[in-house]
file model-v6.pdb (PDB, N, CA and C atoms)
ATOM      1  N   MET I 233     -39.531  22.102  13.311
ATOM      2  CA  MET I 233     -40.361  21.399  12.350
ATOM      3  C   MET I 233     -39.856  19.964  12.195
ATOM      4  N   ARG I 234     -40.768  19.033  12.242
ATOM      5  CA  ARG I 234     -40.406  17.621  12.067
ATOM      6  C   ARG I 234     -40.536  17.258  10.594
ATOM      7  N   TYR I 235     -39.486  16.672  10.066
ATOM      8  CA  TYR I 235     -39.470  16.226   8.683
ATOM      9  C   TYR I 235     -39.874  14.764   8.609
ATOM     10  N   GLU I 236     -40.568  14.409   7.552
ATOM     11  CA  GLU I 236     -40.881  13.009   7.294
ATOM     12  C   GLU I 236     -39.646  12.377   6.658
ATOM     13  N   ILE I 237     -39.276  11.205   7.086
ATOM     14  CA  ILE I 237     -38.138  10.497   6.511
ATOM     15  C   ILE I 237     -38.670   9.423   5.571
ATOM     16  N   VAL I 238     -38.306   9.550   4.278
ATOM     17  CA  VAL I 238     -38.792   8.644   3.240
ATOM     18  C   VAL I 238     -37.590   7.910   2.646
ATOM     19  N   LEU I 239     -37.648   6.601   2.646
ATOM     20  CA  LEU I 239     -36.585   5.798   2.058
ATOM     21  C   LEU I 239     -36.987   5.349   0.662
ATOM     22  N   THR I 240     -36.107   5.539  -0.308
ATOM     23  CA  THR I 240     -36.357   5.016  -1.650
ATOM     24  C   THR I 240     -36.270   3.492  -1.588
ATOM     25  N   PRO I 241     -36.815   2.797  -2.580
ATOM     26  CA  PRO I 241     -36.703   1.327  -2.584
ATOM     27  C   PRO I 241     -35.245   0.852  -2.536
ATOM     28  N   GLU I 242     -34.350   1.580  -3.193
ATOM     29  CA  GLU I 242     -32.930   1.221  -3.164
ATOM     30  C   GLU I 242     -32.369   1.358  -1.750
ATOM     31  N   ALA I 243     -32.771   2.420  -1.048
ATOM     32  CA  ALA I 243     -32.291   2.634   0.319
ATOM     33  C   ALA I 243     -32.829   1.553   1.260
ATOM     34  N   VAL I 244     -34.054   1.114   1.041
ATOM     35  CA  VAL I 244     -34.623   0.037   1.852
ATOM     36  C   VAL I 244     -33.802  -1.234   1.653
ATOM     37  N   ASP I 245     -33.460  -1.528   0.398
ATOM     38  CA  ASP I 245     -32.625  -2.705   0.115
ATOM     39  C   ASP I 245     -31.254  -2.565   0.764
ATOM     40  N   ASP I 246     -30.670  -1.362   0.676
ATOM     41  CA  ASP I 246     -29.367  -1.116   1.293
ATOM     42  C   ASP I 246     -29.424  -1.350   2.798
ATOM     43  N   LEU I 247     -30.494  -0.863   3.423
ATOM     44  CA  LEU I 247     -30.652  -1.001   4.865
ATOM     45  C   LEU I 247     -30.775  -2.477   5.263
ATOM     46  N   LYS I 248     -31.522  -3.234   4.473
ATOM     47  CA  LYS I 248     -31.701  -4.660   4.764
ATOM     48  C   LYS I 248     -30.389  -5.428   4.655
ATOM     49  N   ARG I 249     -29.483  -4.989   3.792
ATOM     50  CA  ARG I 249     -28.207  -5.682   3.601
ATOM     51  C   ARG I 249     -27.212  -5.447   4.731
ATOM     52  N   LEU I 250     -27.455  -4.424   5.553
ATOM     53  CA  LEU I 250     -26.543  -4.128   6.655
ATOM     54  C   LEU I 250     -26.666  -5.164   7.764
ATOM     55  N   ARG I 251     -25.591  -5.313   8.538
ATOM     56  CA  ARG I 251     -25.666  -6.146   9.739
ATOM     57  C   ARG I 251     -26.657  -5.497  10.701
ATOM     58  N   ALA I 252     -27.236  -6.273  11.570
ATOM     59  CA  ALA I 252     -28.266  -5.779  12.491
ATOM     60  C   ALA I 252     -27.757  -4.623  13.351
ATOM     61  N   THR I 253     -26.522  -4.704  13.830
ATOM     62  CA  THR I 253     -25.989  -3.630  14.675
ATOM     63  C   THR I 253     -25.830  -2.339  13.874
ATOM     64  N   ASP I 254     -25.326  -2.448  12.636
ATOM     65  CA  ASP I 254     -25.184  -1.265  11.785
ATOM     66  C   ASP I 254     -26.548  -0.688  11.407
ATOM     67  N   ARG I 255     -27.496  -1.577  11.134
ATOM     68  CA  ARG I 255     -28.847  -1.139  10.791
ATOM     69  C   ARG I 255     -29.456  -0.330  11.926
ATOM     70  N   ALA I 256     -29.296  -0.807  13.157
ATOM     71  CA  ALA I 256     -29.831  -0.095  14.318
ATOM     72  C   ALA I 256     -29.167   1.271  14.476
ATOM     73  N   LEU I 257     -27.855   1.337  14.255
ATOM     74  CA  LEU I 257     -27.149   2.619  14.346
ATOM     75  C   LEU I 257     -27.641   3.602  13.291
ATOM     76  N   VAL I 258     -27.861   3.117  12.074
ATOM     77  CA  VAL I 258     -28.328   3.989  10.996
ATOM     78  C   VAL I 258     -29.736   4.500  11.291
ATOM     79  N   VAL I 259     -30.633   3.630  11.708
ATOM     80  CA  VAL I 259     -32.005   4.045  12.010
ATOM     81  C   VAL I 259     -32.009   5.083  13.132
ATOM     82  N   ARG I 260     -31.199   4.855  14.162
ATOM     83  CA  ARG I 260     -31.116   5.808  15.269
ATOM     84  C   ARG I 260     -30.559   7.150  14.785
ATOM     85  N   ALA I 261     -29.550   7.117  13.921
ATOM     86  CA  ALA I 261     -28.960   8.356  13.392
ATOM     87  C   ALA I 261     -29.946   9.115  12.516
ATOM     88  N   LEU I 262     -30.745   8.398  11.730
ATOM     89  CA  LEU I 262     -31.753   9.067  10.906
ATOM     90  C   LEU I 262     -32.719   9.849  11.790
ATOM     91  N   GLU I 263     -33.185   9.216  12.850
ATOM     92  CA  GLU I 263     -34.109   9.883  13.774
ATOM     93  C   GLU I 263     -33.434  11.050  14.493
ATOM     94  N   THR I 264     -32.230  10.829  14.964
ATOM     95  CA  THR I 264     -31.530  11.843  15.759
ATOM     96  C   THR I 264     -31.129  13.055  14.933
ATOM     97  N   HIS I 265     -30.558  12.825  13.761
ATOM     98  CA  HIS I 265     -29.948  13.919  13.008
ATOM     99  C   HIS I 265     -30.804  14.461  11.868
ATOM    100  N   LEU I 266     -31.724  13.672  11.334
ATOM    101  CA  LEU I 266     -32.464  14.124  10.158
ATOM    102  C   LEU I 266     -33.924  14.461  10.425
ATOM    103  N   ARG I 267     -34.463  14.034  11.536
ATOM    104  CA  ARG I 267     -35.885  14.267  11.799
ATOM    105  C   ARG I 267     -36.199  15.758  11.997
ATOM    106  N   ASN I 268     -35.330  16.504  12.688
ATOM    107  CA  ASN I 268     -35.635  17.894  13.003
ATOM    108  C   ASN I 268     -34.779  18.916  12.254
ATOM    109  N   GLU I 269     -33.497  18.611  12.038
ATOM    110  CA  GLU I 269     -32.609  19.573  11.382
ATOM    111  C   GLU I 269     -31.734  18.884  10.330
ATOM    112  N   PRO I 270     -32.337  18.437   9.229
ATOM    113  CA  PRO I 270     -31.564  17.671   8.247
ATOM    114  C   PRO I 270     -30.540  18.500   7.480
ATOM    115  N   GLN I 271     -30.694  19.816   7.474
ATOM    116  CA  GLN I 271     -29.770  20.659   6.715
ATOM    117  C   GLN I 271     -28.650  21.229   7.576
ATOM    118  N   LYS I 272     -28.644  20.910   8.857
ATOM    119  CA  LYS I 272     -27.600  21.393   9.749
ATOM    120  C   LYS I 272     -26.330  20.587   9.502
ATOM    121  N   VAL I 273     -25.276  21.269   9.047
ATOM    122  CA  VAL I 273     -24.023  20.570   8.748
ATOM    123  C   VAL I 273     -23.103  20.607   9.954
ATOM    124  N   SER I 274     -22.188  19.652  10.003
ATOM    125  CA  SER I 274     -21.194  19.599  11.068
ATOM    126  C   SER I 274     -19.860  19.217  10.440
ATOM    127  N   LYS I 275     -18.801  19.346  11.206
ATOM    128  CA  LYS I 275     -17.480  19.044  10.656
ATOM    129  C   LYS I 275     -17.306  17.570  10.339
ATOM    130  N   SER I 276     -17.891  16.704  11.142
ATOM    131  CA  SER I 276     -17.625  15.289  10.941
ATOM    132  C   SER I 276     -18.839  14.456  10.522
ATOM    133  N   ARG I 277     -20.037  14.824  10.920
ATOM    134  CA  ARG I 277     -21.177  13.932  10.696
ATOM    135  C   ARG I 277     -21.975  14.262   9.437
ATOM    136  N   THR I 278     -22.430  15.483   9.293
ATOM    137  CA  THR I 278     -23.297  15.846   8.183
ATOM    138  C   THR I 278     -22.581  16.832   7.271
ATOM    139  N   LYS I 279     -22.665  16.566   5.972
ATOM    140  CA  LYS I 279     -21.932  17.376   5.007
ATOM    141  C   LYS I 279     -22.835  17.689   3.821
ATOM    142  N   ARG I 280     -22.837  18.949   3.393
ATOM    143  CA  ARG I 280     -23.521  19.331   2.160
ATOM    144  C   ARG I 280     -22.574  19.022   1.014
ATOM    145  N   LEU I 281     -23.056  18.298   0.023
ATOM    146  CA  LEU I 281     -22.208  17.896  -1.090
ATOM    147  C   LEU I 281     -22.158  19.005  -2.135
ATOM    148  N   ARG I 282     -20.977  19.451  -2.451
ATOM    149  CA  ARG I 282     -20.798  20.546  -3.407
ATOM    150  C   ARG I 282     -20.711  20.003  -4.823
ATOM    151  N   GLY I 283     -21.232  20.774  -5.750
ATOM    152  CA  GLY I 283     -21.155  20.410  -7.156
ATOM    153  C   GLY I 283     -22.174  19.375  -7.596
ATOM    154  N   LEU I 284     -23.031  18.942  -6.682
ATOM    155  CA  LEU I 284     -24.061  17.961  -7.012
ATOM    156  C   LEU I 284     -25.445  18.527  -6.715
ATOM    157  N   SER I 285     -26.380  18.270  -7.613
ATOM    158  CA  SER I 285     -27.762  18.650  -7.335
ATOM    159  C   SER I 285     -28.496  17.508  -6.644
ATOM    160  N   LYS I 286     -27.979  16.292  -6.829
ATOM    161  CA  LYS I 286     -28.568  15.129  -6.184
ATOM    162  C   LYS I 286     -27.468  14.123  -5.963
ATOM    163  N   PRO I 287     -27.235  13.629  -4.820
ATOM    164  CA  PRO I 287     -27.817  13.979  -3.523
ATOM    165  C   PRO I 287     -27.263  15.303  -3.005
ATOM    166  N   GLN I 288     -28.023  15.916  -2.123
ATOM    167  CA  GLN I 288     -27.623  17.203  -1.551
ATOM    168  C   GLN I 288     -26.728  17.035  -0.336
ATOM    169  N   PHE I 289     -26.939  15.974   0.452
ATOM    170  CA  PHE I 289     -26.241  15.814   1.725
ATOM    171  C   PHE I 289     -25.734  14.388   1.917
ATOM    172  N   ARG I 290     -24.771  14.267   2.856
ATOM    173  CA  ARG I 290     -24.249  12.966   3.268
ATOM    174  C   ARG I 290     -24.177  12.939   4.791
ATOM    175  N   LEU I 291     -24.693  11.871   5.375
ATOM    176  CA  LEU I 291     -24.625  11.658   6.818
ATOM    177  C   LEU I 291     -23.674  10.492   7.067
ATOM    178  N   ARG I 292     -22.701  10.688   7.949
ATOM    179  CA  ARG I 292     -21.746   9.638   8.290
ATOM    180  C   ARG I 292     -22.209   8.946   9.565
ATOM    181  N   VAL I 293     -22.326   7.625   9.481
ATOM    182  CA  VAL I 293     -22.692   6.809  10.638
ATOM    183  C   VAL I 293     -21.661   5.681  10.711
ATOM    184  N   GLY I 294     -20.590   5.895  11.448
ATOM    185  CA  GLY I 294     -19.514   4.902  11.514
ATOM    186  C   GLY I 294     -18.892   4.696  10.149
ATOM    187  N   ASP I 295     -18.911   3.458   9.661
ATOM    188  CA  ASP I 295     -18.366   3.140   8.341
ATOM    189  C   ASP I 295     -19.441   3.122   7.260
ATOM    190  N   VAL I 296     -20.578   3.726   7.538
ATOM    191  CA  VAL I 296     -21.694   3.769   6.595
ATOM    192  C   VAL I 296     -21.966   5.234   6.232
ATOM    193  N   ARG I 297     -22.305   5.450   4.959
ATOM    194  CA  ARG I 297     -22.659   6.788   4.488
ATOM    195  C   ARG I 297     -24.108   6.773   4.005
ATOM    196  N   VAL I 298     -24.880   7.765   4.459
ATOM    197  CA  VAL I 298     -26.279   7.897   4.066
ATOM    198  C   VAL I 298     -26.380   9.136   3.192
ATOM    199  N   PHE I 299     -26.823   8.956   1.952
ATOM    200  CA  PHE I 299     -26.977  10.078   1.027
ATOM    201  C   PHE I 299     -28.447  10.443   0.956
ATOM    202  N   TYR I 300     -28.729  11.761   1.047
ATOM    203  CA  TYR I 300     -30.131  12.170   1.105
ATOM    204  C   TYR I 300     -30.349  13.556   0.524
ATOM    205  N   ASP I 301     -31.608  13.836   0.173
ATOM    206  CA  ASP I 301     -32.068  15.135  -0.292
ATOM    207  C   ASP I 301     -33.115  15.641   0.686
ATOM    208  N   VAL I 302     -33.239  16.963   0.755
ATOM    209  CA  VAL I 302     -34.217  17.591   1.645
ATOM    210  C   VAL I 302     -35.172  18.436   0.809
ATOM    211  N   SER I 303     -36.478  18.242   1.035
ATOM    212  CA  SER I 303     -37.490  19.094   0.408
ATOM    213  C   SER I 303     -38.163  19.903   1.509
ATOM    214  N   ASP I 304     -39.292  20.518   1.201
ATOM    215  CA  ASP I 304     -39.966  21.389   2.167
ATOM    216  C   ASP I 304     -40.296  20.697   3.488
ATOM    217  N   ASP I 305     -40.791  19.470   3.420
ATOM    218  CA  ASP I 305     -41.229  18.801   4.644
ATOM    219  C   ASP I 305     -40.772  17.344   4.746
ATOM    220  N   ALA I 306     -39.857  16.927   3.857
ATOM    221  CA  ALA I 306     -39.430  15.532   3.862
ATOM    222  C   ALA I 306     -37.933  15.401   3.593
ATOM    223  N   VAL I 307     -37.386  14.335   4.123
ATOM    224  CA  VAL I 307     -36.000  13.951   3.854
ATOM    225  C   VAL I 307     -36.086  12.650   3.067
ATOM    226  N   GLU I 308     -35.544  12.645   1.850
ATOM    227  CA  GLU I 308     -35.567  11.455   1.012
ATOM    228  C   GLU I 308     -34.204  10.777   1.080
ATOM    229  N   ILE I 309     -34.182   9.591   1.647
ATOM    230  CA  ILE I 309     -32.947   8.813   1.745
ATOM    231  C   ILE I 309     -32.761   8.094   0.415
ATOM    232  N   LEU I 310     -31.669   8.430  -0.280
ATOM    233  CA  LEU I 310     -31.423   7.866  -1.606
ATOM    234  C   LEU I 310     -30.620   6.577  -1.552
ATOM    235  N   ALA I 311     -29.640   6.517  -0.656
ATOM    236  CA  ALA I 311     -28.794   5.324  -0.572
ATOM    237  C   ALA I 311     -28.126   5.253   0.786
ATOM    238  N   ILE I 312     -27.834   4.034   1.199
ATOM    239  CA  ILE I 312     -27.075   3.768   2.417
ATOM    240  C   ILE I 312     -25.936   2.856   1.974
ATOM    241  N   VAL I 313     -24.717   3.412   1.990
ATOM    242  CA  VAL I 313     -23.587   2.764   1.343
ATOM    243  C   VAL I 313     -22.422   2.646   2.321
ATOM    244  N   ALA I 314     -21.667   1.549   2.224
ATOM    245  CA  ALA I 314     -20.442   1.407   3.013
ATOM    246  C   ALA I 314     -19.443   2.486   2.579
ATOM    247  N   LYS I 315     -18.624   2.913   3.507
ATOM    248  CA  LYS I 315     -17.659   3.981   3.248
ATOM    249  C   LYS I 315     -16.816   3.700   2.005
ATOM    250  N   ASP I 316     -16.337   2.466   1.857
ATOM    251  CA  ASP I 316     -15.461   2.166   0.731
ATOM    252  C   ASP I 316     -16.188   2.130  -0.615
ATOM    253  N   GLY I 317     -17.510   2.105  -0.631
ATOM    254  CA  GLY I 317     -18.278   2.136  -1.880
ATOM    255  C   GLY I 317     -18.939   3.468  -2.156
ATOM    256  N   ALA I 318     -18.719   4.456  -1.283
ATOM    257  CA  ALA I 318     -19.410   5.745  -1.407
ATOM    258  C   ALA I 318     -19.001   6.503  -2.667
ATOM    259  N   ASP I 319     -17.704   6.568  -2.956
ATOM    260  CA  ASP I 319     -17.259   7.300  -4.147
ATOM    261  C   ASP I 319     -17.782   6.659  -5.423
ATOM    262  N   GLU I 320     -17.781   5.342  -5.457
ATOM    263  CA  GLU I 320     -18.298   4.628  -6.624
ATOM    264  C   GLU I 320     -19.787   4.917  -6.810
ATOM    265  N   TRP I 321     -20.551   4.892  -5.707
ATOM    266  CA  TRP I 321     -21.989   5.163  -5.799
ATOM    267  C   TRP I 321     -22.237   6.586  -6.284
ATOM    268  N   LEU I 322     -21.482   7.555  -5.727
ATOM    269  CA  LEU I 322     -21.650   8.941  -6.164
ATOM    270  C   LEU I 322     -21.307   9.111  -7.643
ATOM    271  N   GLY I 323     -20.295   8.392  -8.108
ATOM    272  CA  GLY I 323     -19.917   8.469  -9.513
ATOM    273  C   GLY I 323     -21.016   7.983 -10.434
ATOM    274  N   LYS I 324     -21.771   6.980  -9.993
ATOM    275  CA  LYS I 324     -22.845   6.430 -10.819
ATOM    276  C   LYS I 324     -24.156   7.192 -10.647
ATOM    277  N   ALA I 325     -24.509   7.514  -9.417
ATOM    278  CA  ALA I 325     -25.842   8.045  -9.138
ATOM    279  C   ALA I 325     -25.880   9.553  -8.928
ATOM    280  N   GLY I 326     -24.749  10.170  -8.645
ATOM    281  CA  GLY I 326     -24.731  11.611  -8.384
ATOM    282  C   GLY I 326     -25.047  12.415  -9.638
ATOM    283  N   GLU I 327     -25.830  13.465  -9.457
ATOM    284  CA  GLU I 327     -26.188  14.353 -10.570
ATOM    285  C   GLU I 327     -25.483  15.686 -10.368
ATOM    286  N   VAL I 328     -24.652  16.054 -11.336
ATOM    287  CA  VAL I 328     -23.885  17.289 -11.257
ATOM    288  C   VAL I 328     -24.823  18.468 -11.472
ATOM    289  N   SER I 329     -24.627  19.514 -10.648
ATOM    290  CA  SER I 329     -25.495  20.700 -10.768
ATOM    291  C   SER I 329     -25.016  21.641 -11.843
TER
END

call {"tool": "encode", "arguments": {"input": "model-v6.pdb", "output": "structure tokens"}}
result
Amino acid sequence: MRYEIVLTPEAVDDLKRLRATDRALVVRALETHLRNEPQKVSKSRTKRLRGLSKPQFRLRVGDVRVFYDVSDDAVEILAIVAKDGADEWLGKAGEVS
């Protein structure tokens, strides 16, 4: 099943702030890893976040972290954050389950 990838306005702004090379890597990773199996976790790339109801998952793309939720037919990209700002973003935007 192919999932629709939807970026929130904040995620669009985050993507625009990235360098062109990082932006291309993130877009390619979204297509590769989230289009068909967004809930498939791996040891290093995709992780289900425990203790949070939102965001549900984190995708690692180099030094960038993509936080997202999965619904029946869509993947909602909530934020695209540099690795060193990921904990701060989760502290502000993460919703505890």

call {"tool": "resolve_selection", "arguments": {"input": "model-v6.pdb", "expression": "the PyMOL selection byres ((chain I and resi 329) around 8)", "output": "NGL selection string"}}
result
:I and (282-286 or 326-328)

call {"tool": "resolve_selection", "arguments": {"input": "model-v6.pdb", "expression": "the PyMOL selection byres ((chain I and resi 266-271) around 6.5)", "output": "NGL selection string"}}
result
:I and (233-236 or 261-265 or 272-273)

call {"tool": "atom_distance", "arguments": {"input": "model-v6.pdb", "atom1": "atom C of Ser303 (chain I)", "atom2": "atom N of Lys248 (chain I)"}}
result
24.3 Å

call {"tool": "closest_residue", "arguments": {"input": "model-v6.pdb", "among": "I:Ile237, I:Asp304, I:Leu247, I:Ala318", "to": "Arg290 (chain I)", "atoms": "only C-alpha atoms"}}
result
I:Ala318

call {"tool": "resolve_selection", "arguments": {"input": "model-v6.pdb", "expression": "the PyMOL selection byres (((chain I and resi 241 and name CA) around 12) and name CA)", "output": "list of chain:residue names"}}
result
I:Val238, I:Leu239, I:Thr240, I:Glu242, I:Ala243, I:Val244, I:Asp245, I:Asp246, I:Leu247, I:Lys248, I:Glu308, I:Ile309, I:Leu310, I:Ala311, I:Ile312

call {"tool": "write_last_selection", "arguments": {"input": "model-v6.pdb", "atoms": "N, CA and C atoms", "output": "PDB file, keeping the file's coordinate frame"}}
result
ATOM      1  N   VAL I 238     -38.306   9.550   4.278  1.00  0.00           N
ATOM      2  CA  VAL I 238     -38.792   8.644   3.240  1.00  0.00           C
ATOM      3  C   VAL I 238     -37.590   7.910   2.646  1.00  0.00           C
ATOM      4  N   LEU I 239     -37.648   6.601   2.646  1.00  0.00           N
ATOM      5  CA  LEU I 239     -36.585   5.798   2.058  1.00  0.00           C
ATOM      6  C   LEU I 239     -36.987   5.349   0.662  1.00  0.00           C
ATOM      7  N   THR I 240     -36.107   5.539  -0.308  1.00  0.00           N
ATOM      8  CA  THR I 240     -36.357   5.016  -1.650  1.00  0.00           C
ATOM      9  C   THR I 240     -36.270   3.492  -1.588  1.00  0.00           C
ATOM     10  N   GLU I 242     -34.350   1.580  -3.193  1.00  0.00           N
ATOM     11  CA  GLU I 242     -32.930   1.221  -3.164  1.00  0.00           C
ATOM     12  C   GLU I 242     -32.369   1.358  -1.750  1.00  0.00           C
ATOM     13  N   ALA I 243     -32.771   2.420  -1.048  1.00  0.00           N
ATOM     14  CA  ALA I 243     -32.291   2.634   0.319  1.00  0.00           C
ATOM     15  C   ALA I 243     -32.829   1.553   1.260  1.00  0.00           C
ATOM     16  N   VAL I 244     -34.054   1.114   1.041  1.00  0.00           N
ATOM     17  CA  VAL I 244     -34.623   0.037   1.852  1.00  0.00           C
ATOM     18  C   VAL I 244     -33.802  -1.234   1.653  1.00  0.00           C
ATOM     19  N   ASP I 245     -33.460  -1.528   0.398  1.00  0.00           N
ATOM     20  CA  ASP I 245     -32.625  -2.705   0.115  1.00  0.00           C
ATOM     21  C   ASP I 245     -31.254  -2.565   0.764  1.00  0.00           C
ATOM     22  N   ASP I 246     -30.670  -1.362   0.676  1.00  0.00           N
ATOM     23  CA  ASP I 246     -29.367  -1.116   1.293  1.00  0.00           C
ATOM     24  C   ASP I 246     -29.424  -1.350   2.798  1.00  0.00           C
ATOM     25  N   LEU I 247     -30.494  -0.863   3.423  1.00  0.00           N
ATOM     26  CA  LEU I 247     -30.652  -1.001   4.865  1.00  0.00           C
ATOM     27  C   LEU I 247     -30.775  -2.477   5.263  1.00  0.00           C
ATOM     28  N   LYS I 248     -31.522  -3.234   4.473  1.00  0.00           N
ATOM     29  CA  LYS I 248     -31.701  -4.660   4.764  1.00  0.00           C
ATOM     30  C   LYS I 248     -30.389  -5.428   4.655  1.00  0.00           C
ATOM     31  N   GLU I 308     -35.544  12.645   1.850  1.00  0.00           N
ATOM     32  CA  GLU I 308     -35.567  11.455   1.012  1.00  0.00           C
ATOM     33  C   GLU I 308     -34.204  10.777   1.080  1.00  0.00           C
ATOM     34  N   ILE I 309     -34.182   9.591   1.647  1.00  0.00           N
ATOM     35  CA  ILE I 309     -32.947   8.813   1.745  1.00  0.00           C
ATOM     36  C   ILE I 309     -32.761   8.094   0.415  1.00  0.00           C
ATOM     37  N   LEU I 310     -31.669   8.430  -0.280  1.00  0.00           N
ATOM     38  CA  LEU I 310     -31.423   7.866  -1.606  1.00  0.00           C
ATOM     39  C   LEU I 310     -30.620   6.577  -1.552  1.00  0.00           C
ATOM     40  N   ALA I 311     -29.640   6.517  -0.656  1.00  0.00           N
ATOM     41  CA  ALA I 311     -28.794   5.324  -0.572  1.00  0.00           C
ATOM     42  C   ALA I 311     -28.126   5.253   0.786  1.00  0.00           C
ATOM     43  N   ILE I 312     -27.834   4.034   1.199  1.00  0.00           N
ATOM     44  CA  ILE I 312     -27.075   3.768   2.417  1.00  0.00           C
ATOM     45  C   ILE I 312     -25.936   2.856   1.974  1.00  0.00           C
TER      46      ILE I 312
END

call {"tool": "select_by_dssp", "arguments": {"input": "model-v6.pdb", "residues": "chain I", "states": "helix (DSSP H, G or I)", "output": "VMD selection string"}}
result
chain I and resid 241 to 249 252 to 266 315 to 325

call {"tool": "atom_distance", "arguments": {"input": "model-v6.pdb", "atom1": "atom C of Leu250 (chain I)", "atom2": "atom C of Arg292 (chain I)"}}
result
14.9 Å

call {"tool": "atom_distance", "arguments": {"input": "model-v6.pdb", "atom1": "CA of Lys275 (chain I)", "atom2": "CA of Ala252 (chain I)"}}
result
27.1 Å

call {"tool": "axis_aligned_box", "arguments": {"input": "model-v6.pdb", "around": "region 262-275 of chain I", "padding_each_side": "8 Å", "output": "JSON"}}
result
{"center_x": -26.8, "center_y": 14.9, "center_z": 11.2, "size_x": 34.9, "size_y": 29.0, "size_z": 25.0}

call {"tool": "closest_residue", "arguments": {"input": "model-v6.pdb", "among": "I:Ser276, I:Arg297, I:Arg260, I:Val302", "to": "Asp316 (chain I)", "atoms": "all atoms listed in the file"}}
result
I:Arg297

call {"tool": "select_by_dssp", "arguments": {"input": "model-v6.pdb", "residues": "chain I", "states": "strand (DSSP E or B)", "output": "PyMOL selection string"}}
result
chain I and resi 236-239+278-280+284-286+289-293+296-302+306-314+327-328

call {"tool": "write_last_selection", "arguments": {"input": "model-v6.pdb", "atoms": "N, CA and C atoms", "output": "CSV table (one decimal), in the frame of the given file"}}
result
chain,number,residue,atom,x,y,z
I,236,GLU,N,-40.6,14.4,7.6
I,236,GLU,CA,-40.9,13.0,7.3
I,236,GLU,C,-39.6,12.4,6.7
I,237,ILE,N,-39.3,11.2,7.1
I,237,ILE,CA,-38.1,10.5,6.5
I,237,ILE,C,-38.7,9.4,5.6
I,238,VAL,N,-38.3,9.6,4.3
I,238,VAL,CA,-38.8,8.6,3.2
I,238,VAL,C,-37.6,7.9,2.6
I,239,LEU,N,-37.6,6.6,2.6
I,239,LEU,CA,-36.6,5.8,2.1
I,239,LEU,C,-37.0,5.3,0.7
I,278,THR,N,-22.4,15.5,9.3
I,278,THR,CA,-23.3,15.8,8.2
I,278,THR,C,-22.6,16.8,7.3
I,279,LYS,N,-22.7,16.6,6.0
I,279,LYS,CA,-21.9,17.4,5.0
I,279,LYS,C,-22.8,17.7,3.8
I,280,ARG,N,-22.8,18.9,3.4
I,280,ARG,CA,-23.5,19.3,2.2
I,280,ARG,C,-22.6,19.0,1.0
I,284,LEU,N,-23.0,18.9,-6.7
I,284,LEU,CA,-24.1,18.0,-7.0
I,284,LEU,C,-25.4,18.5,-6.7
I,285,SER,N,-26.4,18.3,-7.6
I,285,SER,CA,-27.8,18.6,-7.3
I,285,SER,C,-28.5,17.5,-6.6
I,286,LYS,N,-28.0,16.3,-6.8
I,286,LYS,CA,-28.6,15.1,-6.2
I,286,LYS,C,-27.5,14.1,-6.0
I,289,PHE,N,-26.9,16.0,0.5
I,289,PHE,CA,-26.2,15.8,1.7
I,289,PHE,C,-25.7,14.4,1.9
I,290,ARG,N,-24.8,14.3,2.9
I,290,ARG,CA,-24.2,13.0,3.3
I,290,ARG,C,-24.2,12.9,4.8
I,291,LEU,N,-24.7,11.9,5.4
I,291,LEU,CA,-24.6,11.7,6.8
I,291,LEU,C,-23.7,10.5,7.1
I,292,ARG,N,-22.7,10.7,7.9
I,292,ARG,CA,-21.7,9.6,8.3
I,292,ARG,C,-22.2,8.9,9.6
I,293,VAL,N,-22.3,7.6,9.5
I,293,VAL,CA,-22.7,6.8,10.6
I,293,VAL,C,-21.7,5.7,10.7
I,296,VAL,N,-20.6,3.7,7.5
I,296,VAL,CA,-21.7,3.8,6.6
I,296,VAL,C,-22.0,5.2,6.2
I,297,ARG,N,-22.3,5.4,5.0
I,297,ARG,CA,-22.7,6.8,4.5
I,297,ARG,C,-24.1,6.8,4.0
I,298,VAL,N,-24.9,7.8,4.5
I,298,VAL,CA,-26.3,7.9,4.1
I,298,VAL,C,-26.4,9.1,3.2
I,299,PHE,N,-26.8,9.0,2.0
I,299,PHE,CA,-27.0,10.1,1.0
I,299,PHE,C,-28.4,10.4,1.0
I,300,TYR,N,-28.7,11.8,1.0
I,300,TYR,CA,-30.1,12.2,1.1
I,300,TYR,C,-30.3,13.6,0.5
I,301,ASP,N,-31.6,13.8,0.2
I,301,ASP,CA,-32.1,15.1,-0.3
I,301,ASP,C,-33.1,15.6,0.7
I,302,VAL,N,-33.2,17.0,0.8
I,302,VAL,CA,-34.2,17.6,1.6
I,302,VAL,C,-35.2,18.4,0.8
I,306,ALA,N,-39.9,16.9,3.9
I,306,ALA,CA,-39.4,15.5,3.9
I,306,ALA,C,-37.9,15.4,3.6
I,307,VAL,N,-37.4,14.3,4.1
I,307,VAL,CA,-36.0,14.0,3.9
I,307,VAL,C,-36.1,12.6,3.1
I,308,GLU,N,-35.5,12.6,1.8
I,308,GLU,CA,-35.6,11.5,1.0
I,308,GLU,C,-34.2,10.8,1.1
I,309,ILE,N,-34.2,9.6,1.6
I,309,ILE,CA,-32.9,8.8,1.7
I,309,ILE,C,-32.8,8.1,0.4
I,310,LEU,N,-31.7,8.4,-0.3
I,310,LEU,CA,-31.4,7.9,-1.6
I,310,LEU,C,-30.6,6.6,-1.6
I,311,ALA,N,-29.6,6.5,-0.7
I,311,ALA,CA,-28.8,5.3,-0.6
I,311,ALA,C,-28.1,5.3,0.8
I,312,ILE,N,-27.8,4.0,1.2
I,312,ILE,CA,-27.1,3.8,2.4
I,312,ILE,C,-25.9,2.9,2.0
I,313,VAL,N,-24.7,3.4,2.0
I,313,VAL,CA,-23.6,2.8,1.3
I,313,VAL,C,-22.4,2.6,2.3
I,314,ALA,N,-21.7,1.5,2.2
I,314,ALA,CA,-20.4,1.4,3.0
I,314,ALA,C,-19.4,2.5,2.6
I,327,GLU,N,-25.8,13.5,-9.5
I,327,GLU,CA,-26.2,14.4,-10.6
I,327,GLU,C,-25.5,15.7,-10.4
I,328,VAL,N,-24.7,16.1,-11.3
I,328,VAL,CA,-23.9,17.3,-11.3
I,328,VAL,C,-24.8,18.5,-11.5

call {"tool": "closest_residue", "arguments": {"input": "model-v6.pdb", "among": "I:Ala325, I:Arg280, I:Ser274, I:Val258", "to": "Val296 (chain I)", "atoms": "all atoms listed in the file"}}
result
I:Val258
